[in-house]
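File shown: my_file_32.txt (compact mmCIF, N, CA and C atoms).
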```
# COMPACT_ATOMS: atom_id res chain seq x y z
N MET A 1 67.12 39.34 36.53
CA MET A 1 67.73 40.63 36.31
C MET A 1 69.25 40.51 36.24
N GLU A 2 69.84 39.72 37.13
CA GLU A 2 71.28 39.55 37.13
C GLU A 2 71.76 38.90 35.83
N VAL A 3 70.99 37.97 35.30
CA VAL A 3 71.35 37.30 34.05
C VAL A 3 71.34 38.30 32.90
N MET A 4 70.37 39.19 32.86
CA MET A 4 70.30 40.20 31.81
C MET A 4 71.49 41.15 31.87
N VAL A 5 71.87 41.56 33.07
CA VAL A 5 73.03 42.44 33.24
C VAL A 5 74.29 41.72 32.80
N ALA A 6 74.43 40.45 33.16
CA ALA A 6 75.60 39.66 32.76
C ALA A 6 75.66 39.51 31.24
N LEU A 7 74.50 39.26 30.61
CA LEU A 7 74.47 39.15 29.15
C LEU A 7 74.83 40.47 28.47
N ALA A 8 74.38 41.57 29.02
CA ALA A 8 74.70 42.88 28.46
C ALA A 8 76.19 43.16 28.55
N ILE A 9 76.79 42.86 29.68
CA ILE A 9 78.24 43.05 29.86
C ILE A 9 79.01 42.15 28.91
N MET A 10 78.54 40.91 28.77
CA MET A 10 79.20 39.97 27.87
C MET A 10 79.07 40.43 26.42
N ALA A 11 77.93 40.97 26.04
CA ALA A 11 77.73 41.46 24.67
C ALA A 11 78.67 42.62 24.36
N VAL A 12 78.83 43.52 25.30
CA VAL A 12 79.75 44.66 25.11
C VAL A 12 81.18 44.14 24.96
N ALA A 13 81.55 43.16 25.76
CA ALA A 13 82.90 42.59 25.69
C ALA A 13 83.13 41.89 24.35
N VAL A 14 82.15 41.16 23.87
CA VAL A 14 82.29 40.46 22.58
C VAL A 14 82.42 41.46 21.44
N VAL A 15 81.63 42.52 21.45
CA VAL A 15 81.72 43.56 20.42
C VAL A 15 83.10 44.20 20.44
N ALA A 16 83.62 44.48 21.60
CA ALA A 16 84.95 45.08 21.71
C ALA A 16 86.03 44.15 21.16
N VAL A 17 85.93 42.86 21.44
CA VAL A 17 86.90 41.89 20.93
C VAL A 17 86.84 41.84 19.41
N PHE A 18 85.64 41.84 18.83
CA PHE A 18 85.51 41.80 17.37
C PHE A 18 86.06 43.07 16.73
N GLN A 19 85.89 44.20 17.36
CA GLN A 19 86.45 45.44 16.82
C GLN A 19 87.98 45.39 16.83
N LEU A 20 88.55 44.88 17.90
CA LEU A 20 90.01 44.75 17.96
C LEU A 20 90.51 43.79 16.89
N TYR A 21 89.80 42.71 16.69
CA TYR A 21 90.18 41.72 15.68
C TYR A 21 90.11 42.35 14.28
N SER A 22 89.06 43.11 14.02
CA SER A 22 88.90 43.79 12.73
C SER A 22 90.03 44.79 12.50
N ARG A 23 90.37 45.54 13.51
CA ARG A 23 91.46 46.52 13.40
C ARG A 23 92.80 45.83 13.15
N ALA A 24 93.00 44.69 13.78
CA ALA A 24 94.25 43.93 13.58
C ALA A 24 94.33 43.42 12.15
N LEU A 25 93.23 42.96 11.60
CA LEU A 25 93.23 42.48 10.21
C LEU A 25 93.54 43.62 9.23
N ARG A 26 92.95 44.79 9.46
CA ARG A 26 93.23 45.94 8.60
C ARG A 26 94.70 46.35 8.69
N SER A 27 95.26 46.34 9.88
CA SER A 27 96.67 46.70 10.06
C SER A 27 97.59 45.70 9.36
N THR A 28 97.23 44.44 9.43
CA THR A 28 98.02 43.40 8.76
C THR A 28 97.98 43.58 7.25
N LYS A 29 96.81 43.86 6.71
CA LYS A 29 96.68 44.10 5.26
C LYS A 29 97.47 45.33 4.84
N GLN A 30 97.41 46.37 5.63
CA GLN A 30 98.14 47.60 5.32
C GLN A 30 99.65 47.35 5.34
N ALA A 31 100.12 46.59 6.31
CA ALA A 31 101.54 46.26 6.39
C ALA A 31 101.96 45.41 5.19
N GLU A 32 101.11 44.49 4.77
CA GLU A 32 101.41 43.66 3.60
C GLU A 32 101.48 44.52 2.34
N ASP A 33 100.56 45.48 2.19
CA ASP A 33 100.58 46.37 1.03
C ASP A 33 101.87 47.19 0.98
N TYR A 34 102.28 47.75 2.11
CA TYR A 34 103.51 48.55 2.13
C TYR A 34 104.75 47.67 1.89
N THR A 35 104.75 46.47 2.40
CA THR A 35 105.89 45.57 2.17
C THR A 35 106.02 45.23 0.70
N LYS A 36 104.91 44.92 0.05
CA LYS A 36 104.95 44.63 -1.39
C LYS A 36 105.35 45.87 -2.19
N ALA A 37 104.84 47.02 -1.80
CA ALA A 37 105.18 48.26 -2.50
C ALA A 37 106.68 48.55 -2.41
N ILE A 38 107.26 48.35 -1.24
CA ILE A 38 108.70 48.55 -1.07
C ILE A 38 109.48 47.55 -1.92
N PHE A 39 109.02 46.32 -1.95
CA PHE A 39 109.68 45.29 -2.75
C PHE A 39 109.66 45.67 -4.23
N TYR A 40 108.50 46.09 -4.76
CA TYR A 40 108.39 46.45 -6.17
C TYR A 40 109.19 47.71 -6.49
N ALA A 41 109.16 48.69 -5.60
CA ALA A 41 109.92 49.92 -5.81
C ALA A 41 111.42 49.63 -5.82
N ARG A 42 111.86 48.83 -4.88
CA ARG A 42 113.29 48.49 -4.81
C ARG A 42 113.72 47.71 -6.05
N SER A 43 112.85 46.85 -6.54
CA SER A 43 113.13 46.09 -7.75
C SER A 43 113.31 47.01 -8.95
N MET A 44 112.43 47.99 -9.09
CA MET A 44 112.53 48.94 -10.21
C MET A 44 113.77 49.83 -10.07
N LEU A 45 114.10 50.19 -8.85
CA LEU A 45 115.29 51.01 -8.62
C LEU A 45 116.55 50.22 -8.95
N ASP A 46 116.62 48.97 -8.50
CA ASP A 46 117.77 48.13 -8.80
C ASP A 46 117.93 47.88 -10.29
N GLU A 47 116.80 47.75 -10.99
CA GLU A 47 116.85 47.57 -12.45
C GLU A 47 117.49 48.78 -13.12
N ALA A 48 117.14 49.97 -12.66
CA ALA A 48 117.73 51.19 -13.23
C ALA A 48 119.21 51.30 -12.88
N TYR A 49 119.62 50.77 -11.71
CA TYR A 49 121.03 50.79 -11.33
C TYR A 49 121.86 49.82 -12.16
N SER A 50 121.24 48.81 -12.73
CA SER A 50 122.00 47.74 -13.39
C SER A 50 122.33 48.02 -14.85
N VAL A 51 121.79 49.07 -15.43
CA VAL A 51 122.06 49.36 -16.84
C VAL A 51 123.03 50.52 -16.96
N SER A 52 123.68 50.60 -18.12
CA SER A 52 124.69 51.66 -18.30
C SER A 52 124.06 53.03 -18.52
N ASP A 53 122.85 53.10 -19.09
CA ASP A 53 122.17 54.38 -19.28
C ASP A 53 120.79 54.31 -18.63
N PRO A 54 120.66 54.78 -17.39
CA PRO A 54 119.38 54.68 -16.68
C PRO A 54 118.23 55.42 -17.35
N SER A 55 118.54 56.43 -18.18
CA SER A 55 117.46 57.20 -18.80
C SER A 55 116.59 56.34 -19.71
N GLU A 56 117.13 55.22 -20.18
CA GLU A 56 116.36 54.33 -21.05
C GLU A 56 115.34 53.50 -20.26
N THR A 57 115.41 53.51 -18.94
CA THR A 57 114.54 52.66 -18.12
C THR A 57 113.31 53.38 -17.60
N ALA A 58 113.11 54.64 -17.98
CA ALA A 58 111.93 55.38 -17.52
C ALA A 58 110.67 54.71 -18.07
N GLY A 59 109.62 54.71 -17.28
CA GLY A 59 108.36 54.13 -17.70
C GLY A 59 107.59 53.60 -16.51
N SER A 60 106.56 52.82 -16.80
CA SER A 60 105.75 52.27 -15.71
C SER A 60 105.41 50.81 -15.98
N LYS A 61 105.11 50.11 -14.90
CA LYS A 61 104.74 48.70 -14.95
C LYS A 61 103.60 48.47 -13.97
N GLU A 62 102.90 47.37 -14.18
CA GLU A 62 101.85 46.98 -13.25
C GLU A 62 102.20 45.62 -12.67
N PHE A 63 102.06 45.49 -11.35
CA PHE A 63 102.34 44.24 -10.66
C PHE A 63 101.07 43.76 -9.97
N ASP A 64 100.79 42.50 -10.06
CA ASP A 64 99.65 41.87 -9.39
C ASP A 64 98.30 42.51 -9.73
N LYS A 65 98.21 43.22 -10.84
CA LYS A 65 96.98 43.93 -11.24
C LYS A 65 96.45 44.84 -10.13
N TYR A 66 97.35 45.26 -9.27
CA TYR A 66 96.95 46.01 -8.08
C TYR A 66 97.89 47.18 -7.84
N TYR A 67 99.17 46.98 -8.12
CA TYR A 67 100.20 47.99 -7.88
C TYR A 67 100.66 48.58 -9.21
N THR A 68 100.70 49.88 -9.30
CA THR A 68 101.24 50.57 -10.47
C THR A 68 102.55 51.23 -10.05
N VAL A 69 103.62 50.89 -10.77
CA VAL A 69 104.95 51.40 -10.42
C VAL A 69 105.44 52.26 -11.58
N ARG A 70 105.79 53.52 -11.27
CA ARG A 70 106.28 54.46 -12.28
C ARG A 70 107.71 54.86 -11.93
N ARG A 71 108.58 54.77 -12.93
CA ARG A 71 109.98 55.14 -12.72
C ARG A 71 110.30 56.35 -13.59
N GLU A 72 110.83 57.39 -12.97
CA GLU A 72 111.26 58.60 -13.67
C GLU A 72 112.75 58.73 -13.51
N VAL A 73 113.42 59.08 -14.60
CA VAL A 73 114.88 59.23 -14.57
C VAL A 73 115.22 60.59 -15.16
N ALA A 74 116.05 61.34 -14.46
CA ALA A 74 116.46 62.66 -14.93
C ALA A 74 117.94 62.85 -14.65
N ILE A 75 118.61 63.56 -15.55
CA ILE A 75 120.02 63.90 -15.33
C ILE A 75 120.07 65.12 -14.41
N ARG A 76 120.74 64.99 -13.28
CA ARG A 76 120.87 66.08 -12.32
C ARG A 76 122.09 66.94 -12.60
N SER A 77 123.16 66.32 -13.07
CA SER A 77 124.35 67.09 -13.45
C SER A 77 125.22 66.23 -14.36
N GLU A 78 126.09 66.89 -15.09
CA GLU A 78 127.03 66.16 -15.93
C GLU A 78 128.30 66.98 -16.07
N SER A 79 129.39 66.29 -16.35
CA SER A 79 130.67 66.96 -16.47
C SER A 79 130.72 67.76 -17.77
N GLU A 80 131.70 68.63 -17.86
CA GLU A 80 131.83 69.47 -19.05
C GLU A 80 132.06 68.65 -20.31
N ASP A 81 132.80 67.56 -20.19
CA ASP A 81 133.05 66.72 -21.37
C ASP A 81 131.94 65.70 -21.59
N LYS A 82 130.92 65.75 -20.77
CA LYS A 82 129.72 64.90 -20.87
C LYS A 82 130.01 63.40 -20.72
N LYS A 83 131.12 63.08 -20.09
CA LYS A 83 131.44 61.67 -19.87
C LYS A 83 130.87 61.16 -18.55
N ALA A 84 130.80 62.04 -17.57
CA ALA A 84 130.27 61.65 -16.26
C ALA A 84 128.91 62.32 -16.06
N LYS A 85 127.92 61.51 -15.65
CA LYS A 85 126.57 62.04 -15.44
C LYS A 85 126.05 61.54 -14.10
N LEU A 86 125.24 62.37 -13.47
CA LEU A 86 124.57 62.00 -12.23
C LEU A 86 123.07 61.96 -12.52
N TYR A 87 122.49 60.78 -12.35
CA TYR A 87 121.07 60.59 -12.60
C TYR A 87 120.30 60.54 -11.29
N GLU A 88 119.12 61.12 -11.29
CA GLU A 88 118.19 60.96 -10.18
C GLU A 88 117.08 60.02 -10.65
N ILE A 89 116.84 58.98 -9.88
CA ILE A 89 115.83 57.99 -10.23
C ILE A 89 114.74 58.05 -9.15
N ILE A 90 113.51 58.28 -9.58
CA ILE A 90 112.38 58.36 -8.66
C ILE A 90 111.40 57.25 -9.03
N VAL A 91 111.10 56.41 -8.05
CA VAL A 91 110.14 55.32 -8.25
C VAL A 91 108.94 55.60 -7.36
N THR A 92 107.76 55.63 -7.98
CA THR A 92 106.52 55.86 -7.26
C THR A 92 105.61 54.64 -7.42
N VAL A 93 105.13 54.12 -6.30
CA VAL A 93 104.22 52.97 -6.31
C VAL A 93 102.87 53.44 -5.79
N THR A 94 101.81 53.14 -6.52
CA THR A 94 100.46 53.46 -6.07
C THR A 94 99.61 52.19 -6.11
N TRP A 95 98.66 52.12 -5.19
CA TRP A 95 97.72 51.01 -5.16
C TRP A 95 96.42 51.50 -4.55
N PRO A 96 95.30 50.86 -4.92
CA PRO A 96 94.01 51.32 -4.38
C PRO A 96 93.85 50.93 -2.92
N PRO A 97 93.10 51.63 -2.14
CA PRO A 97 92.33 52.79 -2.50
C PRO A 97 93.15 54.08 -2.48
N SER A 98 94.14 54.19 -1.62
CA SER A 98 94.90 55.45 -1.59
C SER A 98 96.36 55.22 -1.19
N GLY A 99 96.91 54.06 -1.51
CA GLY A 99 98.30 53.79 -1.16
C GLY A 99 99.26 54.51 -2.09
N ASN A 100 100.32 55.04 -1.53
CA ASN A 100 101.30 55.77 -2.31
C ASN A 100 102.66 55.70 -1.60
N LEU A 101 103.69 55.33 -2.36
CA LEU A 101 105.04 55.23 -1.82
C LEU A 101 106.01 55.77 -2.85
N LYS A 102 106.96 56.59 -2.42
CA LYS A 102 107.94 57.17 -3.34
C LYS A 102 109.34 56.93 -2.79
N ILE A 103 110.23 56.42 -3.67
CA ILE A 103 111.62 56.19 -3.30
C ILE A 103 112.49 56.91 -4.33
N LYS A 104 113.52 57.61 -3.83
CA LYS A 104 114.45 58.32 -4.72
C LYS A 104 115.84 57.73 -4.57
N GLY A 105 116.59 57.74 -5.67
CA GLY A 105 117.96 57.26 -5.63
C GLY A 105 118.81 58.04 -6.62
N LEU A 106 120.11 58.02 -6.41
CA LEU A 106 121.05 58.67 -7.32
C LEU A 106 121.99 57.62 -7.90
N ARG A 107 122.39 57.85 -9.15
CA ARG A 107 123.34 56.93 -9.79
C ARG A 107 124.27 57.75 -10.64
N SER A 108 125.56 57.54 -10.45
CA SER A 108 126.55 58.23 -11.30
C SER A 108 127.06 57.24 -12.34
N VAL A 109 127.26 57.76 -13.56
CA VAL A 109 127.72 56.95 -14.67
C VAL A 109 128.90 57.67 -15.32
N TYR A 110 129.95 56.90 -15.54
CA TYR A 110 131.12 57.45 -16.25
C TYR A 110 131.32 56.62 -17.51
N ALA A 111 131.30 57.29 -18.65
CA ALA A 111 131.47 56.62 -19.93
C ALA A 111 132.78 57.09 -20.57
N PRO A 112 133.85 56.31 -20.42
CA PRO A 112 135.13 56.72 -21.02
C PRO A 112 135.08 56.60 -22.55
N GLU A 113 135.99 57.28 -23.20
CA GLU A 113 136.05 57.21 -24.66
C GLU A 113 136.37 55.79 -25.09
N GLU A 114 135.76 55.41 -26.20
CA GLU A 114 136.00 54.05 -26.70
C GLU A 114 137.06 54.04 -27.76
```
Please, can you express the file's structure as structure tokens?
Amino acid sequence: MEVMVALAIMAVAVVAVFQLYSRALRSTKQAEDYTKAIFYARSMLDEAYSVSDPSETAGSKEFDKYYTVRREVAIRSESEDKKAKLYEIIVTVTWPPSGNLKIKGLRSVYAPEE
């Protein structure tokens, strides 16, 4: 009888350890997904910052056949002479099954007369 009770207690302990291990693996995968999403979003944002007219960079890309990154660019304001513009850049990263990350940035551009 004592052996059966000891085996039952040990079985419960083993199940609990496996559940903790499973939860840790899921958390690690989730952290990896968010880290990659931030990396891809930051990359798309930096690309829009590096060109003289960010509105030309709107569109979407796919990374690792898993992450879809969409970049939207809109003019938020511009000067009366239309030389200075303020762009809002929104980068959205989605991945299955329900991952979603959105980063927003602003970029001002001044185009003097040539």
- Message: At a cut-off of 8 Å, using all atoms listed in the file, what residues contact region 60-63 of chain A? Leave out same-chain residues fewer than 6 positions from it and give the result as a PyMOL selection string.
- Response: chain A and resi 40+69-72
- Pairwise distance for CA of Glu88 (chain A) and CA of Val73 (chain A), rounded to one decimal in Å: 5.8 Å
- To one decimal in Å, tell me the separation between atom N of Arg42 (chain A) and atom C of Glu56 (chain A). 16.4 Å
- In Å to one decimal, how far is CA of Ala31 (chain A) from CA of Leu106 (chain A)? 26.9 Å
- Task: From a DSSP calculation on the backbone, collect every residue of chain A in strand (DSSP E) and output the set as a PyMOL selection string.
- Result: chain A and resi 59-63+67-78+84-95+99-110
- Query: as an NGL selection string, which residues of region 14-108 of chain A does DSSP assign to helix (DSSP H, G or I)?
  - Reply: :A and (14-49 or 54-57)
Could you write those residues out with N, CA and C atoms, as a short mmCIF file (atom, residue, chain, number, x, y, z; two decimals), in the frame of the given file?
```cif
data_model
loop_
_atom_site.label_atom_id
_atom_site.label_comp_id
_atom_site.auth_asym_id
_atom_site.auth_seq_id
_atom_site.Cartn_x
_atom_site.Cartn_y
_atom_site.Cartn_z
N VAL A 14 82.15 41.16 23.87
CA VAL A 14 82.29 40.46 22.58
C VAL A 14 82.42 41.46 21.44
N VAL A 15 81.63 42.52 21.45
CA VAL A 15 81.72 43.56 20.42
C VAL A 15 83.10 44.20 20.44
N ALA A 16 83.62 44.48 21.60
CA ALA A 16 84.95 45.08 21.71
C ALA A 16 86.03 44.15 21.16
N VAL A 17 85.93 42.86 21.44
CA VAL A 17 86.90 41.89 20.93
C VAL A 17 86.84 41.84 19.41
N PHE A 18 85.64 41.84 18.83
CA PHE A 18 85.51 41.80 17.37
C PHE A 18 86.06 43.07 16.73
N GLN A 19 85.89 44.20 17.36
CA GLN A 19 86.45 45.44 16.82
C GLN A 19 87.98 45.39 16.83
N LEU A 20 88.55 44.88 17.90
CA LEU A 20 90.01 44.75 17.96
C LEU A 20 90.51 43.79 16.89
N TYR A 21 89.80 42.71 16.69
CA TYR A 21 90.18 41.72 15.68
C TYR A 21 90.11 42.35 14.28
N SER A 22 89.06 43.11 14.02
CA SER A 22 88.90 43.79 12.73
C SER A 22 90.03 44.79 12.50
N ARG A 23 90.37 45.54 13.51
CA ARG A 23 91.46 46.52 13.40
C ARG A 23 92.80 45.83 13.15
N ALA A 24 93.00 44.69 13.78
CA ALA A 24 94.25 43.93 13.58
C ALA A 24 94.33 43.42 12.15
N LEU A 25 93.23 42.96 11.60
CA LEU A 25 93.23 42.48 10.21
C LEU A 25 93.54 43.62 9.23
N ARG A 26 92.95 44.79 9.46
CA ARG A 26 93.23 45.94 8.60
C ARG A 26 94.70 46.35 8.69
N SER A 27 95.26 46.34 9.88
CA SER A 27 96.67 46.70 10.06
C SER A 27 97.59 45.70 9.36
N THR A 28 97.23 44.44 9.43
CA THR A 28 98.02 43.40 8.76
C THR A 28 97.98 43.58 7.25
N LYS A 29 96.81 43.86 6.71
CA LYS A 29 96.68 44.10 5.26
C LYS A 29 97.47 45.33 4.84
N GLN A 30 97.41 46.37 5.63
CA GLN A 30 98.14 47.60 5.32
C GLN A 30 99.65 47.35 5.34
N ALA A 31 100.12 46.59 6.31
CA ALA A 31 101.54 46.26 6.39
C ALA A 31 101.96 45.41 5.19
N GLU A 32 101.11 44.49 4.77
CA GLU A 32 101.41 43.66 3.60
C GLU A 32 101.48 44.52 2.34
N ASP A 33 100.56 45.48 2.19
CA ASP A 33 100.58 46.37 1.03
C ASP A 33 101.87 47.19 0.98
N TYR A 34 102.28 47.75 2.11
CA TYR A 34 103.51 48.55 2.13
C TYR A 34 104.75 47.67 1.89
N THR A 35 104.75 46.47 2.40
CA THR A 35 105.89 45.57 2.17
C THR A 35 106.02 45.23 0.70
N LYS A 36 104.91 44.92 0.05
CA LYS A 36 104.95 44.63 -1.39
C LYS A 36 105.35 45.87 -2.19
N ALA A 37 104.84 47.02 -1.80
CA ALA A 37 105.18 48.26 -2.50
C ALA A 37 106.68 48.55 -2.41
N ILE A 38 107.26 48.35 -1.24
CA ILE A 38 108.70 48.55 -1.07
C ILE A 38 109.48 47.55 -1.92
N PHE A 39 109.02 46.32 -1.95
CA PHE A 39 109.68 45.29 -2.75
C PHE A 39 109.66 45.67 -4.23
N TYR A 40 108.50 46.09 -4.76
CA TYR A 40 108.39 46.45 -6.17
C TYR A 40 109.19 47.71 -6.49
N ALA A 41 109.16 48.69 -5.60
CA ALA A 41 109.92 49.92 -5.81
C ALA A 41 111.42 49.63 -5.82
N ARG A 42 111.86 48.83 -4.88
CA ARG A 42 113.29 48.49 -4.81
C ARG A 42 113.72 47.71 -6.05
N SER A 43 112.85 46.85 -6.54
CA SER A 43 113.13 46.09 -7.75
C SER A 43 113.31 47.01 -8.95
N MET A 44 112.43 47.99 -9.09
CA MET A 44 112.53 48.94 -10.21
C MET A 44 113.77 49.83 -10.07
N LEU A 45 114.10 50.19 -8.85
CA LEU A 45 115.29 51.01 -8.62
C LEU A 45 116.55 50.22 -8.95
N ASP A 46 116.62 48.97 -8.50
CA ASP A 46 117.77 48.13 -8.80
C ASP A 46 117.93 47.88 -10.29
N GLU A 47 116.80 47.75 -10.99
CA GLU A 47 116.85 47.57 -12.45
C GLU A 47 117.49 48.78 -13.12
N ALA A 48 117.14 49.97 -12.66
CA ALA A 48 117.73 51.19 -13.23
C ALA A 48 119.21 51.30 -12.88
N TYR A 49 119.62 50.77 -11.71
CA TYR A 49 121.03 50.79 -11.33
C TYR A 49 121.86 49.82 -12.16
N PRO A 54 120.66 54.78 -17.39
CA PRO A 54 119.38 54.68 -16.68
C PRO A 54 118.23 55.42 -17.35
N SER A 55 118.54 56.43 -18.18
CA SER A 55 117.46 57.20 -18.80
C SER A 55 116.59 56.34 -19.71
N GLU A 56 117.13 55.22 -20.18
CA GLU A 56 116.36 54.33 -21.05
C GLU A 56 115.34 53.50 -20.26
N THR A 57 115.41 53.51 -18.94
CA THR A 57 114.54 52.66 -18.12
C THR A 57 113.31 53.38 -17.60
#
```
- Note on the structure: In terms of only N, CA and C atoms, the residue from A:Ala24, A:Pro96, A:Ile89, A:Ala8 at minimal distance from Arg76 (chain A) is A:Ile89
